[in-house]
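Below is one structure, written out as structure tokens, with a few remarks after it.
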Amino acid sequence: MLLVMLVDDDVARTAPLKQSLTDAGYQVIAHLSSTANLDDAVRELQPDIVIIDTDSPSRDTLENLCVMNETVPKPILMFTHDGDIQKMREATKVGVSAYVVGDLASESLMPVINAAIVRFEEVKFLREELDETKQKLAERKVLEKAKGLLMKEHGFDEDHAYAMLRSVAMRQNKRISVLAKEVIETATRLF
Amino acid sequence: MDFGRCDCPVDKGVLAMVVFKPAAGTPFLFSIFEFIFLVGNMNLVKPELTEVNIGFIPLTDCAPIVVAARMGFDKKYGISINLHKESSWAAIRDKLISGDLHAAHALYGMVYGAELGIGGQQKDMAVLMTLNHNGQGITLSNQLKTLGITNGTELSRLLKQYPAKLTFAQTFPTGTHAMWLYYWLASHDIDPLHDIKTTVVPPPQMVANLSSGNVAGYCAGEPWNARAVYDNVGFTVATSQDIWADHPEKVLGVTAEFADVYPQTCRAMVMAILEACRYLDVLANRTQVTDLLAGPDYVNAPKAVIHDRFVGSYDNGNGKKWQDANAIKFFNDGKVNFPYLSDGMWFMTQFKRWGLLKSAPDYLEVAKKVNRIDIYQGAAMAMDVSIPSNVMRASRLIDGVIWDGSDPDAYANRFSIRA
């Protein structure tokens, strides 16, 4: 049974990965944050594979273990195993880097890597969706504020204020949220 | 002048005119005129890429790349630099190899580590220019200071008696800080492979690891040594310029493939960054650059921590203050930036010394292949920056041993403390 160590600060991302690896019959021996003492953990627990966030600062700690000690994980750049640089790009894009001990055959390795890619991808998608929602919410707030300003300063009702903003935005060929922001900025400067 | 590498159609057209025109009469005058025209035109050869992604690690010495991008030197040479802040050297290396980054602020030794396949996949690499000399340091904890340790000799004496091995951190196994730490320890009769434990700690976490006692000391780039003094948890026992005055440090690294496919883009990057380096060597400009670097997008540290050592004003945290004549240098009339072959070879001698290389590489051939003097010279000439006449330089290091690139394998094997 392959022993897998996960290093990631993002528990939301790695918890499902841990579950799916366990379901697939791998033993996840540790789930560490990036500030943990990786030297000792790797020496004591002797994982076969370490899966780590590509952007974790602790990667350099693993690199040092690789170079200074023969019996600890080596980085795998995935294209060396399957001749496909796309695979490595795909993995690093979603944030998966892997270190492996010894000459583990790519057949036993790939399922772990693939599971990690899928899980990291899902979280990346969710995070992007969240960012987009936050962005929309922020724009909505700006628009409400700009409408309020117009209503107060010019005595427009809400529909009229919105129609006004929309037609000016269309005429100036800019997004209504951008215009709304400008209205607020101008108002702040004037009053 | 070597035009051999210019395979751009514009150059060929101009060369053809040089050959053709003198035949029409007054050959002498025309040839000089055409020569000026040709040199002028070389500057106009457009970069193949207009946008380049350059990675950096948040350290004071990322300044040349940040300045080139933020102060518009890039646009002057027909490129636009997208800055990518990275969180590890491993990520920089992998993203260069995967093509996600076109170029990067890189540890000199790391580029050679990738070239030689140490610790990972072998990849042909290229050094386009050196970004800085000096400006790193070795910090020891205040716990050691309370034990009366203030220098290397005292540390050596302590380690000979101490029952447990102390842990020292550096930043990357084939990096410059590992090499400065090992060299300094060995020059004080401490064997870095046996007398201590070594680990890697990300530089922004060094100070926390020092104050918690996880590490007894470390070697890192600024501002992380100044930070230990500022936070009153450690002191600077040696600057990197104490170990080797005007040592090579960070480089602009790309893959060999990138340098071959995009030579004009490489030349434009070198020109933009050379101009930034020249700007940075005017000390008066560094205060303004400190304001830029201190922000969260770059080094993300208090201005006071970055500024003093950036302008050469040192406080070692143990009662000594001085103005350092060999503080970080970015230009020094082009002497900093020329990719001396002896600099690249030195890192290979140390890899051999510490067992990272089991057998001797072809030092000179590897350095000639990696250090792209051709690209650097093209850029430096076009900017009227002095070019050293010798591809080797001689230096005396802290232990009195001279390195001049003349017999690398003998040099690698001459040290009594080695793997």
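Simple scheme: letters A, B, ... for chains in structure tokens order, numbers from 1 for residues in each chain, numbers from 1 for ligands in the order shown.
By only C-alpha atoms, and with residues fewer than 2 positions from A:Val11 along its chain excluded, the set lying at most 12 Å from it is Leu6, Val7, Asp8, Asp9, Arg13, Thr14, Ala15, Pro16, Leu17, Lys18, Gln19, His31, Leu32, Ser33, Ser34, Asp53, Arg119, Phe120 and Val123 of chain A.
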Go ahead and write the selection's residues with N, CA, C and O atoms as a PDB file, in the first residue's frame.
ATOM      1  N   LEU A   6       0.292  14.539   2.636  1.00  0.00           N
ATOM      2  CA  LEU A   6      -0.250  15.761   2.024  1.00  0.00           C
ATOM      3  C   LEU A   6       0.254  16.981   2.774  1.00  0.00           C
ATOM      4  O   LEU A   6       0.226  17.005   3.998  1.00  0.00           O
ATOM      5  N   VAL A   7       0.726  17.956   2.032  1.00  0.00           N
ATOM      6  CA  VAL A   7       1.161  19.212   2.657  1.00  0.00           C
ATOM      7  C   VAL A   7       0.404  20.355   1.986  1.00  0.00           C
ATOM      8  O   VAL A   7       0.589  20.615   0.804  1.00  0.00           O
ATOM      9  N   ASP A   8      -0.471  20.981   2.728  1.00  0.00           N
ATOM     10  CA  ASP A   8      -1.257  22.071   2.161  1.00  0.00           C
ATOM     11  C   ASP A   8      -1.884  22.879   3.293  1.00  0.00           C
ATOM     12  O   ASP A   8      -2.356  22.311   4.273  1.00  0.00           O
ATOM     13  N   ASP A   9      -1.887  24.193   3.152  1.00  0.00           N
ATOM     14  CA  ASP A   9      -2.533  25.025   4.163  1.00  0.00           C
ATOM     15  C   ASP A   9      -4.039  25.057   3.986  1.00  0.00           C
ATOM     16  O   ASP A   9      -4.759  25.461   4.874  1.00  0.00           O
ATOM     17  N   ARG A  13      -9.360  22.117   0.609  1.00  0.00           N
ATOM     18  CA  ARG A  13      -8.948  21.490  -0.631  1.00  0.00           C
ATOM     19  C   ARG A  13      -8.462  20.064  -0.405  1.00  0.00           C
ATOM     20  O   ARG A  13      -8.754  19.163  -1.159  1.00  0.00           O
ATOM     21  N   THR A  14      -7.705  19.874   0.666  1.00  0.00           N
ATOM     22  CA  THR A  14      -7.066  18.578   0.837  1.00  0.00           C
ATOM     23  C   THR A  14      -7.913  17.559   1.586  1.00  0.00           C
ATOM     24  O   THR A  14      -7.663  16.360   1.460  1.00  0.00           O
ATOM     25  N   ALA A  15      -8.929  18.027   2.330  1.00  0.00           N
ATOM     26  CA  ALA A  15      -9.762  17.052   3.039  1.00  0.00           C
ATOM     27  C   ALA A  15     -10.463  16.078   2.079  1.00  0.00           C
ATOM     28  O   ALA A  15     -10.380  14.868   2.268  1.00  0.00           O
ATOM     29  N   PRO A  16     -11.112  16.599   1.008  1.00  0.00           N
ATOM     30  CA  PRO A  16     -11.722  15.651   0.068  1.00  0.00           C
ATOM     31  C   PRO A  16     -10.685  14.778  -0.649  1.00  0.00           C
ATOM     32  O   PRO A  16     -10.949  13.614  -0.943  1.00  0.00           O
ATOM     33  N   LEU A  17      -9.528  15.351  -0.912  1.00  0.00           N
ATOM     34  CA  LEU A  17      -8.475  14.562  -1.566  1.00  0.00           C
ATOM     35  C   LEU A  17      -8.058  13.408  -0.661  1.00  0.00           C
ATOM     36  O   LEU A  17      -7.901  12.268  -1.098  1.00  0.00           O
ATOM     37  N   LYS A  18      -7.915  13.724   0.611  1.00  0.00           N
ATOM     38  CA  LYS A  18      -7.549  12.704   1.593  1.00  0.00           C
ATOM     39  C   LYS A  18      -8.590  11.584   1.576  1.00  0.00           C
ATOM     40  O   LYS A  18      -8.255  10.400   1.555  1.00  0.00           O
ATOM     41  N   GLN A  19      -9.862  11.990   1.519  1.00  0.00           N
ATOM     42  CA  GLN A  19     -10.948  11.015   1.512  1.00  0.00           C
ATOM     43  C   GLN A  19     -10.892  10.145   0.258  1.00  0.00           C
ATOM     44  O   GLN A  19     -10.947   8.912   0.333  1.00  0.00           O
ATOM     45  N   HIS A  31      -1.159  14.870   7.121  1.00  0.00           N
ATOM     46  CA  HIS A  31      -1.788  16.001   6.462  1.00  0.00           C
ATOM     47  C   HIS A  31      -1.269  17.233   7.189  1.00  0.00           C
ATOM     48  O   HIS A  31      -1.719  17.558   8.273  1.00  0.00           O
ATOM     49  N   LEU A  32      -0.257  17.857   6.605  1.00  0.00           N
ATOM     50  CA  LEU A  32       0.469  18.895   7.342  1.00  0.00           C
ATOM     51  C   LEU A  32       0.277  20.269   6.736  1.00  0.00           C
ATOM     52  O   LEU A  32       0.082  20.401   5.535  1.00  0.00           O
ATOM     53  N   SER A  33       0.380  21.276   7.566  1.00  0.00           N
ATOM     54  CA  SER A  33       0.387  22.638   7.041  1.00  0.00           C
ATOM     55  C   SER A  33       1.830  22.969   6.642  1.00  0.00           C
ATOM     56  O   SER A  33       2.761  22.277   7.025  1.00  0.00           O
ATOM     57  N   SER A  34       1.988  24.038   5.875  1.00  0.00           N
ATOM     58  CA  SER A  34       3.305  24.298   5.289  1.00  0.00           C
ATOM     59  C   SER A  34       4.338  24.787   6.304  1.00  0.00           C
ATOM     60  O   SER A  34       5.526  24.810   6.018  1.00  0.00           O
ATOM     61  N   ASP A  53       1.120  21.575  -2.466  1.00  0.00           N
ATOM     62  CA  ASP A  53       0.669  22.719  -3.243  1.00  0.00           C
ATOM     63  C   ASP A  53       1.867  23.310  -3.994  1.00  0.00           C
ATOM     64  O   ASP A  53       2.896  23.610  -3.393  1.00  0.00           O
ATOM     65  N   ARG A 119      -9.199  16.989  -7.607  1.00  0.00           N
ATOM     66  CA  ARG A 119      -9.624  17.689  -6.388  1.00  0.00           C
ATOM     67  C   ARG A 119      -9.170  19.136  -6.371  1.00  0.00           C
ATOM     68  O   ARG A 119      -9.913  20.040  -5.992  1.00  0.00           O
ATOM     69  N   PHE A 120      -7.917  19.364  -6.762  1.00  0.00           N
ATOM     70  CA  PHE A 120      -7.387  20.732  -6.766  1.00  0.00           C
ATOM     71  C   PHE A 120      -8.166  21.580  -7.778  1.00  0.00           C
ATOM     72  O   PHE A 120      -8.438  22.746  -7.554  1.00  0.00           O
ATOM     73  N   VAL A 123     -11.579  22.649  -6.405  1.00  0.00           N
ATOM     74  CA  VAL A 123     -11.483  23.758  -5.457  1.00  0.00           C
ATOM     75  C   VAL A 123     -11.140  25.053  -6.182  1.00  0.00           C
ATOM     76  O   VAL A 123     -11.657  26.117  -5.848  1.00  0.00           O
TER      77      VAL A 123
END
>> I want to know what sits within 9 Å of B:Leu364, based on only C-alpha atoms, with residues of the same chain fewer than 5 positions away left out; could you give that as a VMD selection string?
In response: chain B and resid 341 to 342 344 to 345 369 405 408
Taking only C-alpha atoms into account, produce a table as JSON lines in which each residue of chain B with an atom at most 6 Å from an atom of chain A appears once, together with its shortest atom pair and the distance in Å to one decimal, ordered by chain and rising number.
{"residue": "B:Ser87", "atom": "CA", "partner": "A:Pro57", "partner_atom": "CA", "distance": 5.0}
{"residue": "B:Ser88", "atom": "CA", "partner": "A:Pro57", "partner_atom": "CA", "distance": 4.9}
{"residue": "B:Ala90", "atom": "CA", "partner": "A:Asp60", "partner_atom": "CA", "distance": 5.8}
{"residue": "B:Gly119", "atom": "CA", "partner": "A:Val67", "partner_atom": "CA", "distance": 5.0}
{"residue": "B:Phe172", "atom": "CA", "partner": "A:Asp60", "partner_atom": "CA", "distance": 5.8}
{"residue": "B:Pro173", "atom": "CA", "partner": "A:Asn64", "partner_atom": "CA", "distance": 4.8}
{"residue": "B:Val200", "atom": "CA", "partner": "A:Thr61", "partner_atom": "CA", "distance": 4.6}
{"residue": "B:Pro202", "atom": "CA", "partner": "A:Pro57", "partner_atom": "CA", "distance": 5.8}
>> I need the residues of stretch 205-351 of chain B that end up classed as strand (DSSP E or B) by DSSP on the backbone, written out as number ranges by chain.
In response: B: 217-221, 234-239, 248, 250-255, 313-315, 321-323, 329
> Which neighbours of stretch 184-194 of chain B fall inside 6 Å, counting only C-alpha atoms, when residues of the same chain fewer than 4 positions from it are skipped, and could you give them as a count of residues only?
Replying inline: 5
>> Set the distance at 9 Å and use only C-alpha atoms: which residues neighbour B:Gly334 once local chain neighbours fewer than 5 positions away are removed? I'd like the list as a list of chain:residue names.
In response: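 My list of contacting residues is B:Leu274, B:Cys277, B:Arg278, B:Ala380, B:Val385, B:Ser386, B:Ile387, B:Pro388.
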Residues from the last selection, C-alpha atoms, saved as a short mmCIF file (atom, residue, chain, number, x, y, z; two decimals), in the first residue's frame:
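Dumped everything to result.cif:
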data_model
loop_
_atom_site.label_atom_id
_atom_site.label_comp_id
_atom_site.auth_asym_id
_atom_site.auth_seq_id
_atom_site.Cartn_x
_atom_site.Cartn_y
_atom_site.Cartn_z
CA LEU B 274 20.72 46.63 -17.31
CA CYS B 277 20.73 48.14 -12.62
CA ARG B 278 22.49 51.33 -13.71
CA ALA B 380 25.70 45.85 -23.36
CA VAL B 385 28.07 49.55 -21.14
CA SER B 386 31.70 48.47 -20.62
CA ILE B 387 32.43 44.84 -21.33
CA PRO B 388 35.29 43.18 -19.42
#
>> As an exercise, work out the distance from atom CA of B:Lys352 to atom CA of B:Leu116 in Å and give it to one decimal place.
In response: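 One can read the atom CA of B:Lys352 to atom CA of B:Leu116 distance as 11.4 Å.
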>> Report, in Å with one decimal, the straight-line distance from atom CA of B:Ala259 to atom CA of B:Ile54.
In response: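 Interatomic distance here is 14.0 Å.
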>> Taking 3 positions as the minimum chain separation for residues in the same chain, which residues sit within 9 Å of A:Glu121 when counting only C-alpha atoms? Answer as a PyMOL selection string.
In response: chain A and resi 91+93-95+116-118+124-126
>> as a VMD selection string, please: the residues near B:Arg396 (cut-off 12 Å, only C-alpha atoms, same-chain neighbours under 2 positions excluded).
In response: chain B and resid 241 to 247 393 to 394 398 to 405
> For the atom pair atom CA of B:His133 and atom CA of B:Tyr279, what is the interatomic distance in Å to one decimal place?
Replying inline: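 Those two atoms sit 15.3 Å apart.
Proximity to A:Asp157 at 10 Å, evaluated using only C-alpha atoms and with sequence-adjacent residues fewer than 5 positions away removed, yields Lys147, Gly148, Leu150, Met151, Lys152 and Tyr162 of chain A.
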>> With DSSP run on the backbone, what are the helix (DSSP H, G or I) residues within chain A? I'd like them as a PyMOL selection string.
In response: chain A and resi 11-23+38-45+59-68+79-82+85-94+106-154+158-171+176-190
Those residues with C-alpha atoms, as a tab-separated table (two decimals), in the first residue's frame please?
chain	number	residue	atom	x	y	z
A	11	VAL	CA	-7.80	22.14	4.50
A	12	ALA	CA	-10.92	22.62	2.38
A	13	ARG	CA	-8.95	21.49	-0.63
A	14	THR	CA	-7.07	18.58	0.84
A	15	ALA	CA	-9.76	17.05	3.04
A	16	PRO	CA	-11.72	15.65	0.07
A	17	LEU	CA	-8.47	14.56	-1.57
A	18	LYS	CA	-7.55	12.70	1.59
A	19	GLN	CA	-10.95	11.02	1.51
A	20	SER	CA	-10.76	9.97	-2.11
A	21	LEU	CA	-7.23	8.64	-1.71
A	22	THR	CA	-8.32	6.65	1.35
A	23	ASP	CA	-11.32	5.31	-0.59
A	38	LEU	CA	8.82	18.78	7.15
A	39	ASP	CA	12.34	17.46	7.70
A	40	ASP	CA	11.38	15.51	10.77
A	41	ALA	CA	7.98	14.46	9.40
A	42	VAL	CA	9.46	13.00	6.22
A	43	ARG	CA	12.28	11.25	8.08
A	44	GLU	CA	9.94	9.74	10.67
A	45	LEU	CA	6.96	8.84	8.54
A	59	ARG	CA	8.68	23.09	-1.54
A	60	ASP	CA	12.26	24.27	-1.12
A	61	THR	CA	12.46	22.34	2.15
A	62	LEU	CA	11.48	19.18	0.27
A	63	GLU	CA	13.98	19.98	-2.47
A	64	ASN	CA	16.71	20.12	0.13
A	65	LEU	CA	15.69	16.75	1.54
A	66	CYS	CA	15.79	15.31	-1.97
A	67	VAL	CA	19.25	16.52	-2.75
A	68	MET	CA	20.94	15.97	0.59
A	79	PHE	CA	6.47	14.57	-18.17
A	80	THR	CA	9.49	12.45	-17.34
A	81	HIS	CA	7.13	9.57	-16.63
A	82	ASP	CA	4.63	9.80	-19.42
A	85	ILE	CA	4.58	18.12	-20.70
A	86	GLN	CA	0.87	18.97	-20.83
A	87	LYS	CA	0.31	16.75	-17.82
A	88	MET	CA	2.85	18.63	-15.78
A	89	ARG	CA	1.46	21.97	-16.87
A	90	GLU	CA	-2.04	20.84	-16.02
A	91	ALA	CA	-0.88	19.73	-12.59
A	92	THR	CA	1.10	22.86	-11.76
A	93	LYS	CA	-1.69	25.07	-13.11
A	94	VAL	CA	-4.16	23.72	-10.59
A	106	SER	CA	4.18	5.65	-13.13
A	107	GLU	CA	1.25	3.15	-13.21
A	108	SER	CA	1.03	3.22	-9.42
A	109	LEU	CA	1.71	6.92	-9.27
A	110	MET	CA	-0.65	8.31	-11.83
A	111	PRO	CA	-3.93	7.50	-10.03
A	112	VAL	CA	-2.74	9.49	-7.00
A	113	ILE	CA	-1.64	12.40	-9.14
A	114	ASN	CA	-4.85	12.31	-11.14
A	115	ALA	CA	-6.97	12.30	-8.00
A	116	ALA	CA	-5.03	15.29	-6.72
A	117	ILE	CA	-5.46	17.15	-10.00
A	118	VAL	CA	-9.22	16.55	-9.99
A	119	ARG	CA	-9.62	17.69	-6.39
A	120	PHE	CA	-7.39	20.73	-6.77
A	121	GLU	CA	-9.24	21.63	-9.95
A	122	GLU	CA	-12.62	21.44	-8.21
A	123	VAL	CA	-11.48	23.76	-5.46
A	124	LYS	CA	-9.90	26.12	-7.95
A	125	PHE	CA	-13.22	26.26	-9.81
A	126	LEU	CA	-15.16	26.86	-6.60
A	127	ARG	CA	-12.76	29.56	-5.57
A	128	GLU	CA	-13.04	31.32	-8.90
A	129	GLU	CA	-16.83	31.10	-8.64
A	130	LEU	CA	-16.66	32.61	-5.17
A	131	ASP	CA	-14.42	35.44	-6.38
A	132	GLU	CA	-16.85	36.16	-9.17
A	133	THR	CA	-19.81	36.24	-6.78
A	134	LYS	CA	-17.93	38.55	-4.43
A	135	GLN	CA	-17.08	40.80	-7.34
A	136	LYS	CA	-20.71	40.92	-8.45
A	137	LEU	CA	-21.85	41.65	-4.93
A	138	ALA	CA	-19.37	44.51	-4.65
A	139	GLU	CA	-20.55	45.94	-7.97
A	140	ARG	CA	-24.15	45.67	-6.80
A	141	LYS	CA	-23.32	47.67	-3.66
A	142	VAL	CA	-21.63	50.40	-5.70
A	143	LEU	CA	-24.63	50.62	-8.00
A	144	GLU	CA	-27.03	50.93	-5.05
A	145	LYS	CA	-24.93	53.68	-3.57
A	146	ALA	CA	-24.75	55.62	-6.84
A	147	LYS	CA	-28.52	55.31	-7.28
A	148	GLY	CA	-29.00	56.60	-3.74
A	149	LEU	CA	-26.79	59.59	-4.48
A	150	LEU	CA	-28.72	60.50	-7.60
A	151	MET	CA	-32.01	60.09	-5.77
A	152	LYS	CA	-30.85	62.35	-2.98
A	153	GLU	CA	-29.16	65.02	-5.07
A	154	HIS	CA	-31.64	65.21	-7.94
A	158	GLU	CA	-35.12	54.65	-7.99
A	159	ASP	CA	-36.18	53.58	-11.48
A	160	HIS	CA	-35.32	56.94	-12.93
A	161	ALA	CA	-31.88	56.94	-11.24
A	162	TYR	CA	-31.16	53.48	-12.66
A	163	ALA	CA	-32.39	54.41	-16.16
A	164	MET	CA	-30.18	57.49	-16.02
A	165	LEU	CA	-27.08	55.52	-15.06
A	166	ARG	CA	-27.79	52.88	-17.70
A	167	SER	CA	-28.23	55.33	-20.55
A	168	VAL	CA	-25.10	57.33	-19.64
A	169	ALA	CA	-23.12	54.10	-19.34
A	170	MET	CA	-24.30	52.99	-22.77
A	171	ARG	CA	-23.51	56.36	-24.30
A	176	ILE	CA	-22.65	50.45	-15.42
A	177	SER	CA	-20.62	49.45	-12.35
A	178	VAL	CA	-17.66	51.48	-13.62
A	179	LEU	CA	-19.85	54.52	-14.15
A	180	ALA	CA	-21.47	54.06	-10.73
A	181	LYS	CA	-18.02	54.10	-9.14
A	182	GLU	CA	-17.16	57.31	-11.00
A	183	VAL	CA	-20.41	58.91	-9.82
A	184	ILE	CA	-19.55	58.08	-6.22
A	185	GLU	CA	-15.96	59.34	-6.60
A	186	THR	CA	-17.12	62.59	-8.15
A	187	ALA	CA	-19.72	63.07	-5.44
A	188	THR	CA	-17.13	62.48	-2.73
A	189	ARG	CA	-14.86	65.08	-4.29
A	190	LEU	CA	-17.67	67.63	-4.65
